[in-house]
>>> print(open('run.tsv').read())   # TSV, C-alpha atoms
chain	number	residue	atom	x	y	z
P	27	MET	CA	-12.64	-18.76	-16.56
P	28	LYS	CA	-16.04	-17.75	-15.31
P	29	LYS	CA	-17.33	-14.23	-15.60
P	30	PHE	CA	-18.88	-12.83	-12.46
P	31	ILE	CA	-22.15	-11.05	-13.00
P	32	VAL	CA	-22.69	-8.27	-10.51
P	33	CYS	CA	-25.69	-5.99	-10.99
P	34	LEU	CA	-25.79	-3.28	-8.36
P	35	MET	CA	-28.69	-0.87	-8.47
P	36	ALA	CA	-30.37	1.31	-5.90
P	37	GLY	CA	-32.45	-1.06	-3.76
P	38	VAL	CA	-32.28	-3.88	-6.33
P	39	LEU	CA	-29.64	-6.53	-6.81
P	40	CYS	CA	-29.97	-8.43	-10.09
P	41	GLY	CA	-33.75	-8.56	-9.86
P	42	LEU	CA	-33.82	-9.34	-6.14
P	43	GLY	CA	-35.43	-6.68	-4.02
P	44	VAL	CA	-33.08	-6.39	-1.06
P	45	SER	CA	-34.80	-6.08	2.31
P	46	ALA	CA	-33.69	-3.72	5.02
P	47	GLN	CA	-31.65	-6.45	6.72
P	48	SER	CA	-29.76	-7.31	3.53
P	49	THR	CA	-27.42	-4.38	3.12
P	50	LEU	CA	-24.07	-5.55	4.50
P	51	GLY	CA	-22.10	-8.68	5.09
P	52	GLY	CA	-21.28	-10.27	1.78
P	53	LEU	CA	-21.86	-10.86	-1.91
P	54	TYR	CA	-22.81	-14.36	-3.05
P	55	GLN	CA	-22.91	-15.77	-6.59
P	56	VAL	CA	-24.91	-18.76	-7.76
P	57	VAL	CA	-22.73	-21.86	-8.26
P	58	THR	CA	-22.83	-22.88	-11.91
P	59	SER	CA	-20.69	-26.04	-11.96
P	60	THR	CA	-20.89	-29.24	-9.92
P	61	THR	CA	-17.11	-29.11	-9.50
P	62	ASP	CA	-17.00	-25.46	-8.48
P	63	PHE	CA	-16.36	-26.22	-4.82
P	64	ALA	CA	-13.18	-26.11	-2.80
P	65	THR	CA	-12.65	-27.03	0.83
P	66	GLY	CA	-13.16	-23.93	2.93
P	67	ASP	CA	-15.61	-22.26	0.55
P	68	THR	CA	-18.53	-20.51	2.20
P	69	ILE	CA	-21.98	-21.12	0.73
P	70	ILE	CA	-25.58	-20.35	1.54
P	71	LEU	CA	-28.63	-22.30	0.32
P	72	VAL	CA	-31.34	-20.28	-1.40
P	73	SER	CA	-34.78	-21.11	-2.83
P	74	TYR	CA	-37.93	-19.33	-4.00
P	75	ASP	CA	-41.62	-20.09	-4.30
P	76	ALA	CA	-44.41	-19.69	-6.84
P	77	GLU	CA	-44.98	-16.13	-5.64
P	78	LYS	CA	-41.34	-15.30	-6.44
P	79	LYS	CA	-40.44	-14.79	-2.79
P	80	VAL	CA	-36.79	-15.62	-2.15
P	81	TYR	CA	-35.72	-17.53	0.97
P	82	ALA	CA	-32.36	-18.48	2.40
P	83	MET	CA	-31.75	-21.38	4.75
P	84	GLY	CA	-31.69	-19.99	8.28
P	85	THR	CA	-31.10	-21.21	11.80
P	86	TYR	CA	-31.93	-24.76	12.83
P	87	ASP	CA	-34.82	-25.46	15.21
P	88	SER	CA	-35.58	-29.07	16.22
P	89	LYS	CA	-38.95	-27.96	17.61
P	90	GLU	CA	-40.16	-27.39	14.07
P	91	GLY	CA	-39.93	-30.99	12.93
P	92	ASN	CA	-36.18	-30.95	12.41
P	93	ALA	CA	-36.49	-28.09	9.95
P	94	PHE	CA	-34.25	-25.12	9.28
P	95	HIS	CA	-35.97	-21.76	9.31
P	96	ALA	CA	-36.51	-19.91	6.05
P	97	VAL	CA	-35.30	-16.31	6.04
P	98	ASN	CA	-37.15	-14.12	3.56
P	99	ILE	CA	-34.51	-12.03	1.78
P	100	GLY	CA	-36.72	-10.37	-0.83
P	101	THR	CA	-38.44	-11.15	-4.12
P	102	THR	CA	-37.26	-11.91	-7.63
P	103	THR	CA	-38.73	-10.19	-10.67
P	104	ALA	CA	-38.05	-13.14	-12.96
P	105	ASP	CA	-39.02	-16.83	-13.00
P	106	CYS	CA	-35.65	-17.71	-11.53
P	107	LEU	CA	-33.27	-16.76	-8.78
P	108	PRO	CA	-30.90	-13.83	-9.36
P	109	PRO	CA	-27.27	-14.56	-10.29
P	110	THR	CA	-26.00	-12.66	-7.24
P	111	ILE	CA	-27.43	-11.64	-3.89
P	112	THR	CA	-26.17	-9.70	-0.89
P	113	LEU	CA	-26.84	-10.42	2.78
P	114	ASP	CA	-26.13	-9.19	6.25
P	115	ALA	CA	-23.53	-11.06	8.29
P	116	ALA	CA	-24.84	-14.58	8.77
P	117	ASN	CA	-24.89	-16.95	11.75
P	118	THR	CA	-26.69	-14.64	14.13
P	119	ALA	CA	-30.08	-15.29	15.69
P	120	GLY	CA	-32.74	-15.46	13.00
P	121	GLU	CA	-30.22	-14.81	10.24
P	122	VAL	CA	-29.08	-16.83	7.24
P	123	TYR	CA	-26.73	-19.74	7.87
P	124	GLU	CA	-23.38	-19.80	6.13
P	125	TYR	CA	-21.87	-23.25	5.62
P	126	LYS	CA	-18.26	-24.21	5.14
P	127	VAL	CA	-17.75	-26.76	2.37
P	128	ILE	CA	-15.54	-29.83	2.87
P	129	VAL	CA	-14.77	-31.53	-0.43
P	130	HIS	CA	-14.22	-35.29	-0.77
P	131	LYS	CA	-12.69	-36.65	-3.97
P	132	THR	CA	-12.09	-40.10	-5.41
P	133	LYS	CA	-8.59	-41.53	-5.74
P	134	GLY	CA	-8.61	-40.25	-9.29
P	135	GLY	CA	-9.26	-36.72	-8.08
P	136	ALA	CA	-12.89	-36.42	-9.22
P	137	LEU	CA	-15.44	-34.84	-6.91
P	138	ASP	CA	-17.24	-37.51	-4.92
P	139	TYR	CA	-19.37	-35.64	-2.37
P	140	VAL	CA	-19.30	-32.70	0.01
P	141	ASN	CA	-20.00	-32.11	3.69
P	142	LEU	CA	-21.53	-28.90	4.98
P	143	GLN	CA	-20.44	-27.55	8.36
P	144	ASP	CA	-22.13	-24.73	10.26
P	145	LYS	CA	-20.39	-22.10	12.37
P	146	ASP	CA	-20.13	-24.55	15.30
P	147	GLY	CA	-18.58	-27.32	13.20
P	148	LYS	CA	-21.77	-29.40	13.04
P	149	TYR	CA	-22.74	-31.18	9.84
P	150	VAL	CA	-25.99	-30.86	7.89
P	151	GLN	CA	-27.54	-34.32	7.96
P	152	ALA	CA	-30.46	-35.86	6.04
P	153	ASP	CA	-32.78	-38.20	7.92
P	154	GLY	CA	-35.84	-39.31	5.99
P	155	THR	CA	-37.61	-36.13	4.94
P	156	SER	CA	-35.99	-34.04	7.66
P	157	LEU	CA	-32.72	-32.21	8.01
P	158	LYS	CA	-30.79	-31.90	11.23
P	159	LEU	CA	-27.31	-31.18	12.57
P	160	SER	CA	-24.79	-33.87	13.50
P	161	ASN	CA	-21.67	-33.57	15.62
P	162	THR	CA	-19.65	-35.97	13.46
P	163	ALA	CA	-19.35	-36.99	9.84
P	164	SER	CA	-19.13	-40.70	10.61
P	165	SER	CA	-22.37	-41.50	8.82
P	166	THR	CA	-23.33	-41.41	5.14
P	167	LEU	CA	-26.16	-39.14	6.25
P	168	GLU	CA	-23.94	-36.06	5.99
P	169	LYS	CA	-22.84	-36.72	2.40
P	170	TRP	CA	-24.22	-34.53	-0.39
P	171	VAL	CA	-23.69	-34.64	-4.16
P	172	PRO	CA	-23.68	-31.36	-6.13
P	173	TYR	CA	-26.40	-31.68	-8.77
P	174	LEU	CA	-26.67	-29.48	-11.86
P	175	LEU	CA	-30.12	-27.97	-12.31
P	176	ASP	CA	-32.06	-28.93	-15.44
P	177	ASN	CA	-34.53	-26.06	-15.78
P	178	ASP	CA	-35.15	-24.04	-18.92
P	179	ASN	CA	-36.43	-21.13	-16.87
P	180	PHE	CA	-32.96	-20.37	-15.55
P	181	PRO	CA	-30.79	-18.18	-17.81
P	182	TYR	CA	-27.75	-19.93	-16.36
P	183	GLU	CA	-26.84	-23.26	-14.87
P	184	ALA	CA	-27.30	-23.65	-11.11
P	185	VAL	CA	-26.27	-26.30	-8.61
P	186	CYS	CA	-28.35	-27.81	-5.80
P	187	LEU	CA	-27.48	-30.66	-3.42
P	188	LYS	CA	-28.99	-34.12	-3.46
P	189	TYR	CA	-28.80	-36.68	-0.69
P	190	TYR	CA	-25.89	-39.06	-1.22
P	191	MET	CA	-27.79	-42.30	-0.41
P	192	GLU	CA	-31.10	-41.36	-2.03
P	193	GLY	CA	-30.19	-39.60	-5.25
P	194	MET	CA	-33.52	-37.87	-5.88
P	195	LYS	CA	-33.92	-36.26	-2.49
P	196	PHE	CA	-32.82	-32.63	-2.36
P	197	ILE	CA	-32.44	-29.91	0.23
P	198	SER	CA	-35.68	-28.05	-0.46
P	199	TYR	CA	-37.76	-25.19	0.81
P	200	THR	CA	-41.16	-26.39	2.00
P	201	PRO	CA	-43.51	-23.65	3.14
P	202	PRO	CA	-44.48	-23.04	5.84
P	203	TYR	CA	-42.07	-25.44	7.55
P	204	GLY	CA	-38.73	-24.18	6.25
P	205	PHE	CA	-35.97	-26.25	4.68
P	206	LYS	CA	-36.23	-30.06	4.66
P	207	ASN	CA	-35.26	-33.01	2.49
P	208	TYR	CA	-37.76	-33.95	-0.25
P	209	SER	CA	-37.78	-35.65	-3.63
P	210	GLY	CA	-40.26	-33.51	-5.65
P	211	ALA	CA	-38.19	-30.35	-5.54
P	212	SER	CA	-39.75	-28.42	-8.40
P	213	VAL	CA	-40.91	-24.82	-8.67
P	214	GLY	CA	-44.56	-24.17	-9.45
P	215	GLY	CA	-46.39	-26.02	-6.70
P	216	ALA	CA	-46.78	-25.17	-3.05
P	217	TYR	CA	-44.02	-27.47	-1.81
P	218	TYR	CA	-40.63	-28.98	-2.50
P	219	MET	CA	-38.68	-26.13	-4.11
P	220	ARG	CA	-35.02	-27.03	-4.44
P	221	ALA	CA	-32.41	-24.95	-2.65
P	222	TYR	CA	-29.49	-23.81	-4.77
P	223	CYS	CA	-25.93	-23.12	-3.75
P	224	TYR	CA	-24.58	-19.58	-3.64
P	225	LYS	CA	-20.86	-19.18	-3.07
P	226	LYS	CA	-19.51	-16.22	-1.12
P	227	ILE	CA	-17.27	-14.20	-3.40
P	228	ALA	CA	-16.93	-11.00	-1.36
P	229	THR	CA	-17.27	-9.58	2.12
P	230	ASN	CA	-18.07	-6.06	3.28
P	231	GLU	CA	-15.55	-4.33	5.50
P	232	THR	CA	-15.75	-0.95	7.21
P	233	LEU	CA	-13.71	1.96	5.85
P	234	ARG	CA	-13.79	4.98	8.12
P	235	ILE	CA	-13.41	8.40	6.49
P	236	GLY	CA	-12.32	10.81	9.22
P	237	ASP	CA	-12.82	14.54	9.55
P	238	THR	CA	-10.36	15.30	6.73
P	239	GLY	CA	-12.57	13.57	4.15
P	240	TYR	CA	-9.74	11.16	3.24
P	241	ALA	CA	-8.48	7.69	4.19
P	242	THR	CA	-6.00	5.23	2.72
P	243	MET	CA	-6.71	1.64	1.64
P	244	TYR	CA	-4.77	-1.37	0.34
P	245	TYR	CA	-5.63	-5.02	-0.40
P	246	GLY	CA	-2.81	-7.04	-1.93
P	247	SER	CA	-4.84	-10.03	-3.16
P	248	ASN	CA	-8.37	-8.66	-3.35
P	249	ASP	CA	-10.16	-6.43	-5.83
P	250	VAL	CA	-12.31	-3.83	-4.07
P	251	GLU	CA	-15.52	-2.13	-5.17
P	252	LEU	CA	-16.06	1.12	-3.30
P	253	PRO	CA	-19.61	2.32	-2.55
P	254	ASP	CA	-21.26	5.35	-4.08
P	255	GLY	CA	-20.10	8.64	-2.64
P	256	THR	CA	-16.42	7.70	-2.62
P	257	THR	CA	-13.56	8.06	-5.11
P	258	ALA	CA	-10.17	6.32	-5.12
P	259	TYR	CA	-6.98	8.12	-6.13
P	260	THR	CA	-3.47	6.99	-6.89
P	261	ILE	CA	-0.52	9.28	-6.14
P	262	ASN	CA	2.56	10.01	-8.21
P	263	VAL	CA	5.39	12.36	-7.28
P	264	THR	CA	7.79	13.74	-9.89
P	265	LYS	CA	10.78	16.05	-9.51
P	266	GLU	CA	11.81	18.74	-11.96
P	267	GLY	CA	14.87	20.54	-10.67
P	268	ASP	CA	13.98	21.79	-7.19
P	269	LYS	CA	10.27	21.47	-7.82
P	270	TYR	CA	8.10	18.54	-6.84
P	271	LYS	CA	4.82	17.68	-8.48
P	272	LEU	CA	2.26	15.73	-6.47
P	273	ASN	CA	-0.23	14.22	-8.91
P	274	ARG	CA	-3.52	12.76	-7.77
P	275	SER	CA	-5.29	10.59	-10.36
P	276	SER	CA	-8.84	9.31	-9.98
P	277	ILE	CA	-9.48	5.63	-10.71
P	278	GLY	CA	-13.15	5.75	-9.73
P	279	THR	CA	-14.63	3.16	-7.38
P	280	THR	CA	-13.06	-0.06	-8.72
P	281	VAL	CA	-9.70	-0.67	-7.06
P	282	PRO	CA	-7.66	-3.60	-8.48
P	283	HIS	CA	-5.76	-5.82	-6.06
P	284	GLY	CA	-2.28	-4.62	-5.19
P	285	THR	CA	-3.22	-0.97	-5.75
P	286	ALA	CA	-2.80	1.33	-2.75
P	287	VAL	CA	-5.09	4.36	-2.86
P	288	VAL	CA	-6.32	7.44	-1.08
P	289	VAL	CA	-10.11	7.34	-0.76
P	290	LYS	CA	-12.16	10.53	-0.64
P	291	GLY	CA	-15.63	10.56	0.91
P	292	GLU	CA	-17.92	12.38	3.29
P	293	PRO	CA	-16.04	13.35	6.46
P	294	ASN	CA	-16.77	11.29	9.58
P	295	THR	CA	-18.57	8.57	7.66
P	296	ASP	CA	-18.34	4.77	7.73
P	297	TYR	CA	-18.38	3.18	4.28
P	298	HIS	CA	-18.60	-0.53	3.48
P	299	PRO	CA	-16.57	-1.48	0.41
P	300	THR	CA	-17.02	-4.91	-1.19
P	301	ILE	CA	-13.83	-6.97	-0.82
P	302	TYR	CA	-13.70	-9.77	-3.39
P	303	SER	CA	-12.19	-13.12	-2.49
P	304	ALA	CA	-8.81	-14.08	-3.93
P	305	ALA	CA	-10.49	-16.60	-6.24
P	306	ALA	CA	-13.02	-14.06	-7.52
P	307	THR	CA	-10.23	-11.52	-7.93
P	308	GLU	CA	-8.17	-13.95	-10.01
P	309	ALA	CA	-11.17	-14.77	-12.18
P	310	LYS	CA	-11.88	-11.10	-12.89
P	311	GLY	CA	-8.30	-10.56	-14.08
P	312	LEU	CA	-7.92	-6.86	-13.21
P	313	ALA	CA	-4.38	-5.48	-13.33
P	314	SER	CA	-2.95	-3.19	-10.66
P	315	VAL	CA	-2.41	0.46	-11.56
P	316	GLU	CA	1.11	1.28	-12.74
P	317	GLY	CA	3.03	4.43	-11.85
P	318	ASN	CA	1.49	4.62	-8.40
P	319	MET	CA	3.87	5.64	-5.61
P	320	LEU	CA	1.55	4.55	-2.83
P	321	TYR	CA	2.24	1.21	-1.17
P	322	GLY	CA	0.47	-0.82	1.46
P	323	THR	CA	0.48	-3.86	3.73
P	324	ASP	CA	-2.23	-6.46	4.37
P	325	THR	CA	-1.10	-6.87	7.96
P	326	GLU	CA	0.33	-4.47	10.52
P	327	ALA	CA	3.97	-4.47	9.50
P	328	MET	CA	7.11	-2.39	9.14
P	329	GLN	CA	7.64	-1.11	5.61
P	330	SER	CA	10.53	-2.51	3.60
P	331	ASN	CA	10.80	-0.55	0.35
P	332	GLY	CA	14.50	0.13	0.81
P	333	ASP	CA	16.56	3.31	1.08
P	334	GLY	CA	14.26	6.30	0.98
P	335	TYR	CA	11.62	8.25	2.86
P	336	TYR	CA	8.28	7.03	4.19
P	337	PHE	CA	5.23	9.27	4.50
P	338	LYS	CA	1.81	8.63	5.99
P	339	LEU	CA	-1.49	10.40	5.45
P	340	THR	CA	-1.90	12.87	8.30
P	341	ASN	CA	-3.89	15.99	9.10
P	342	HIS	CA	-1.23	18.53	10.10
P	343	ALA	CA	-2.38	21.18	12.59
P	344	THR	CA	-1.37	24.10	10.36
P	345	LYS	CA	-0.62	22.63	6.93
P	346	GLY	CA	-3.70	20.50	6.54
P	347	VAL	CA	-4.11	16.97	5.23
P	348	GLY	CA	-1.23	15.51	3.28
P	349	PHE	CA	1.67	13.08	3.43
P	350	TYR	CA	4.11	13.65	6.28
P	351	TRP	CA	6.99	11.69	7.73
P	352	GLY	CA	5.71	8.84	9.88
P	353	GLU	CA	8.96	8.78	11.87
P	354	ASN	CA	11.91	11.12	12.37
P	355	ASP	CA	14.13	11.53	9.31
P	356	GLY	CA	11.53	9.79	7.15
P	357	ALA	CA	12.41	6.36	8.53
P	358	ALA	CA	10.17	3.34	8.00
P	359	PHE	CA	7.30	2.99	10.45
P	360	THR	CA	4.78	0.29	11.33
P	361	ASN	CA	1.97	0.48	8.80
P	362	LYS	CA	-1.55	-0.58	9.80
P	363	ALA	CA	-3.29	-3.49	8.08
P	364	HIS	CA	-4.89	-2.60	4.72
P	365	LYS	CA	-3.59	0.97	4.90
P	366	ALA	CA	-1.41	2.81	2.39
P	367	TYR	CA	1.67	5.01	2.66
P	368	LEU	CA	3.84	7.09	0.30
P	369	PHE	CA	7.43	6.09	-0.39
P	370	LEU	CA	10.02	8.26	-2.15
P	371	PRO	CA	13.38	6.67	-3.02
P	372	ALA	CA	16.50	8.36	-1.65
P	373	GLU	CA	17.77	9.41	-5.07
P	374	MET	CA	14.58	11.35	-5.65
P	375	ALA	CA	13.90	13.13	-2.35
P	376	PRO	CA	16.40	15.07	-0.22
P	377	ALA	CA	16.11	14.74	3.54
P	378	SER	CA	14.67	18.25	3.81
P	379	ILE	CA	11.39	17.20	2.16
P	380	SER	CA	9.42	16.06	5.18
P	381	ASP	CA	5.87	16.98	4.20
P	382	ILE	CA	3.75	17.08	1.06
P	383	PRO	CA	0.37	18.65	1.85
P	384	PHE	CA	-2.35	18.35	-0.75
P	385	SER	CA	-5.25	20.35	0.62
P	386	SER	CA	-5.25	22.47	-2.54
P	387	MET	CA	-5.11	19.58	-5.00
P	388	GLU	CA	-7.79	19.11	-7.58
P	389	GLU	CA	-8.87	15.83	-9.14
P	390	ASP	CA	-6.25	14.71	-11.65
P	391	GLY	CA	-4.50	17.97	-10.89
P	392	VAL	CA	-1.05	19.00	-9.67
P	393	THR	CA	0.23	20.74	-6.59
P	394	LEU	CA	3.64	22.36	-7.07
P	395	VAL	CA	5.91	22.23	-4.05
P	396	GLU	CA	9.40	23.75	-4.17
P	397	GLU	CA	12.04	22.86	-1.61
P	398	VAL	CA	13.68	25.80	0.16
P	399	ARG	CA	16.61	24.97	2.42
P	400	SER	CA	17.04	28.51	3.77
P	401	PRO	CA	15.06	31.76	3.51
P	402	GLU	CA	18.28	33.54	2.51
P	403	THR	CA	18.25	31.68	-0.82
P	404	GLN	CA	15.17	33.66	-1.88
P	405	ASP	CA	14.70	37.31	-2.73
P	406	MET	CA	12.95	38.46	0.43
P	407	THR	CA	12.38	41.98	-0.92
P	408	LYS	CA	9.20	40.52	-2.41
P	409	SER	CA	6.14	39.87	-0.29
P	410	VAL	CA	5.58	36.41	1.22
P	411	TYR	CA	2.03	35.13	1.80
P	412	ASP	CA	0.40	32.20	3.55
P	413	LEU	CA	-2.21	29.95	1.86
P	414	LYS	CA	-5.00	32.32	2.95
P	415	GLY	CA	-3.44	35.20	1.00
P	416	CYS	CA	-2.27	37.09	4.09
P	417	ARG	CA	1.23	38.49	4.43
P	418	ALA	CA	3.51	36.15	6.35
P	419	ASP	CA	6.86	36.29	8.12
P	420	ALA	CA	9.53	35.83	5.44
P	421	LYS	CA	11.65	33.85	7.87
P	422	GLY	CA	8.83	31.72	9.19
P	423	LYS	CA	8.55	27.99	8.55
P	424	GLY	CA	5.85	26.14	6.69
P	425	LEU	CA	4.07	26.39	3.35
P	426	ARG	CA	4.34	29.89	1.88
P	427	ILE	CA	3.68	31.61	-1.47
P	428	LEU	CA	6.47	33.67	-3.06
P	429	ASN	CA	6.40	34.95	-6.63
P	430	GLY	CA	3.27	32.88	-7.21
P	431	LYS	CA	5.00	29.64	-6.18
P	432	LYS	CA	4.29	27.39	-3.22
P	433	LEU	CA	7.40	27.00	-1.07
P	434	ILE	CA	8.22	24.86	1.96
P	435	MET	CA	10.18	27.22	4.22
P	436	LYS	CA	12.70	25.26	6.32
>>> encode(input="run.tsv", output="structure tokens")
Amino acid sequence: MKKFIVCLMAGVLCGLGVSAQSTLGGLYQVVTSTTDFATGDTIILVSYDAEKKVYAMGTYDSKEGNAFHAVNIGTTTADCLPPTITLDAANTAGEVYEYKVIVHKTKGGALDYVNLQDKDGKYVQADGTSLKLSNTASSTLEKWVPYLLDNDNFPYEAVCLKYYMEGMKFISYTPPYGFKNYSGASVGGAYYMRAYCYKKIATNETLRIGDTGYATMYYGSNDVELPDGTTAYTINVTKEGDKYKLNRSSIGTTVPHGTAVVVKGEPNTDYHPTIYSAAATEAKGLASVEGNMLYGTDTEAMQSNGDGYYFKLTNHATKGVGFYWGENDGAAFTNKAHKAYLFLPAEMAPASISDIPFSSMEEDGVTLVEEVRSPETQDMTKSVYDLKGCRADAKGKGLRILNGKKLIMK
């Protein structure tokens, strides 16, 4: 099982200075085995020159001698390419090309060659020293063999692609012309630097934190790395007599797959968490957090946890942010894709518990909420206060403080 090396620093990604354009879109890791391809994988082709400038294979332009443009994505501080890089969304004008891999195997199951398809379904084709795009894969010209790099300068193995019919011709970066097909393919001179395969292991999605400073998130098959400035929390509710404890536990910024969370961040801010692929998630081997009473769905779907009560994160007009019934009587409701909800089983929660605000919660702290079916069950000779410390109507509804306890007045 491979270990994924991810070095995230301010402005630097594993020795690669990330340019202004390379902030969103995806995380790519260098391919370290000739067999580490599967049909449907997304790869980019990356090279560098003697000045340690790093280039990715960009859009195709037949006017430039059947060359693909080279997109400068930064510099490397070492005599090798970094193990991981990040890029903006590819396949836009002047941007890096992402290619879908199609794997061809022998009858015995061994890897034979691969095809590379661009966003329009065209194949990368070798023709002499040039590269171009072909509409079909009927020719041997579209066949590429993954080739393991033999270079002592690299601290890890790396894979490039050689032309199927002419084994020593590689996809190479050739300044100032871009990416072509040459046989020299060695770093140190002015030309013929091989292009190495980087496999996409994560994408960047948008997570909107609204005016409450909170949002929910869930990915069933994908580990998630949240950006700086955010914190993920799991929720656990326990009952002791008529009292309910709402516990919020911080798990930091790494959220294992299958773990539904509440995310805290700056209000009214778009964040871009890194969503790892299912294969990368499996390789990392993180376990979901136990004891969490938040659940989620990967698609927009009706919940199906069974007999109980379903709550969604809402900003109540008077009670503040918290978990409130999503439907009347706490019935199941349609949950949005990659969002979380709170579920309490019927044996734990009476029907009168319809809201659990947590505006006063502290990190890894507890908010005590006591159910009150009727004001007459309390000693109303004592003063009742609201959350601001002001006297309140003893028979009013909502969250009140009596004898130092928080009460939900029904």
>>> closest_residue(input="run.tsv", among="P:Met374, P:Met191, P:Ala64, P:Ala96", to="Val129 of chain P", atoms="all atoms listed in the file")
P:Ala64
>>> closest_residue(input="run.tsv", among="P:Phe369, P:Tyr125, P:Tyr297, P:Tyr86", to="Phe205 of chain P", atoms="all atoms listed in the file")
P:Tyr86
>>> closest_residue(input="run.tsv", among="P:Tyr74, P:Tyr139, P:Tyr199, P:Tyr336", to="His95 of chain P", atoms="only C-alpha atoms")
P:Tyr199
>>> residues_near_point(input="run.tsv", point="(-25.5, -32.0, -13.2)", cutoff="10 Å", atoms="all atoms listed in the file", output="ChimeraX atom specification")
/P:58-61,171-176,183-186
>>> atom_distance(input="run.tsv", atom1="atom CA of Thr300 of chain P", atom2="atom CA of Ala327 of chain P")
23.6 Å
>>> residues_around(input="run.tsv", residues="Tyr321 of chain P", least_positions_apart="6", cutoff="7 Å", atoms="all atoms listed in the file", output="list in words")
Ala286, Ala366, Tyr367 and Leu368 of chain P
>>> residues_around(input="run.tsv", residues="Asp333 of chain P", least_positions_apart="5", cutoff="9 Å", atoms="all atoms listed in the file", output="compact mmCIF listing (two decimals) with C-alpha atoms, in the coordinates of the input")
# COMPACT_ATOMS: atom_id res chain seq x y z
CA LEU P 370 10.02 8.26 -2.15
CA PRO P 371 13.38 6.67 -3.02
CA ALA P 372 16.50 8.36 -1.65
CA GLU P 373 17.77 9.41 -5.07
>>> closest_residue(input="run.tsv", among="P:Met83, P:Ala357, P:Leu137, P:Val287", to="Asn331 of chain P", atoms="only C-alpha atoms")
P:Ala357
>>> closest_residue(input="run.tsv", among="P:Arg234, P:Lys158, P:Lys265, P:Lys145", to="Lys365 of chain P", atoms="only C-alpha atoms")
P:Arg234
>>> atom_distance(input="run.tsv", atom1="atom CA of Thr162 of chain P", atom2="atom CA of Gln55 of chain P")
28.6 Å
>>> decode(input="run.tsv", residues="segment 193-204 of chain P", atoms="N, CA and C atoms", output="short mmCIF file (atom, residue, chain, number, x, y, z; two decimals), in the first residue's frame")
data_model
loop_
_atom_site.label_atom_id
_atom_site.label_comp_id
_atom_site.auth_asym_id
_atom_site.auth_seq_id
_atom_site.Cartn_x
_atom_site.Cartn_y
_atom_site.Cartn_z
N GLY P 193 10.47 2.65 -28.86
CA GLY P 193 10.58 2.57 -27.42
C GLY P 193 11.36 3.66 -26.74
N MET P 194 12.28 4.35 -27.42
CA MET P 194 13.07 5.37 -26.75
C MET P 194 12.60 6.79 -27.04
N LYS P 195 11.42 6.93 -27.57
CA LYS P 195 10.87 8.27 -27.76
C LYS P 195 9.83 8.54 -26.67
N PHE P 196 10.00 9.67 -25.99
CA PHE P 196 9.16 10.00 -24.85
C PHE P 196 8.40 11.30 -25.09
N ILE P 197 7.27 11.44 -24.39
CA ILE P 197 6.64 12.76 -24.32
C ILE P 197 7.58 13.63 -23.51
N SER P 198 8.03 14.73 -24.12
CA SER P 198 9.07 15.56 -23.50
C SER P 198 8.74 17.03 -23.63
N TYR P 199 9.30 17.80 -22.71
CA TYR P 199 9.18 19.25 -22.79
C TYR P 199 10.39 19.80 -23.54
N THR P 200 10.14 20.57 -24.58
CA THR P 200 11.22 21.08 -25.41
C THR P 200 11.10 22.60 -25.55
N PRO P 201 11.76 23.34 -24.70
CA PRO P 201 11.65 24.80 -24.79
C PRO P 201 12.28 25.31 -26.08
N PRO P 202 11.73 26.34 -26.72
CA PRO P 202 10.53 27.07 -26.28
C PRO P 202 9.26 26.56 -26.95
N TYR P 203 9.30 25.36 -27.52
CA TYR P 203 8.20 24.90 -28.37
C TYR P 203 7.06 24.20 -27.62
N GLY P 204 7.29 23.81 -26.39
CA GLY P 204 6.25 23.09 -25.66
C GLY P 204 6.55 21.61 -25.57
#
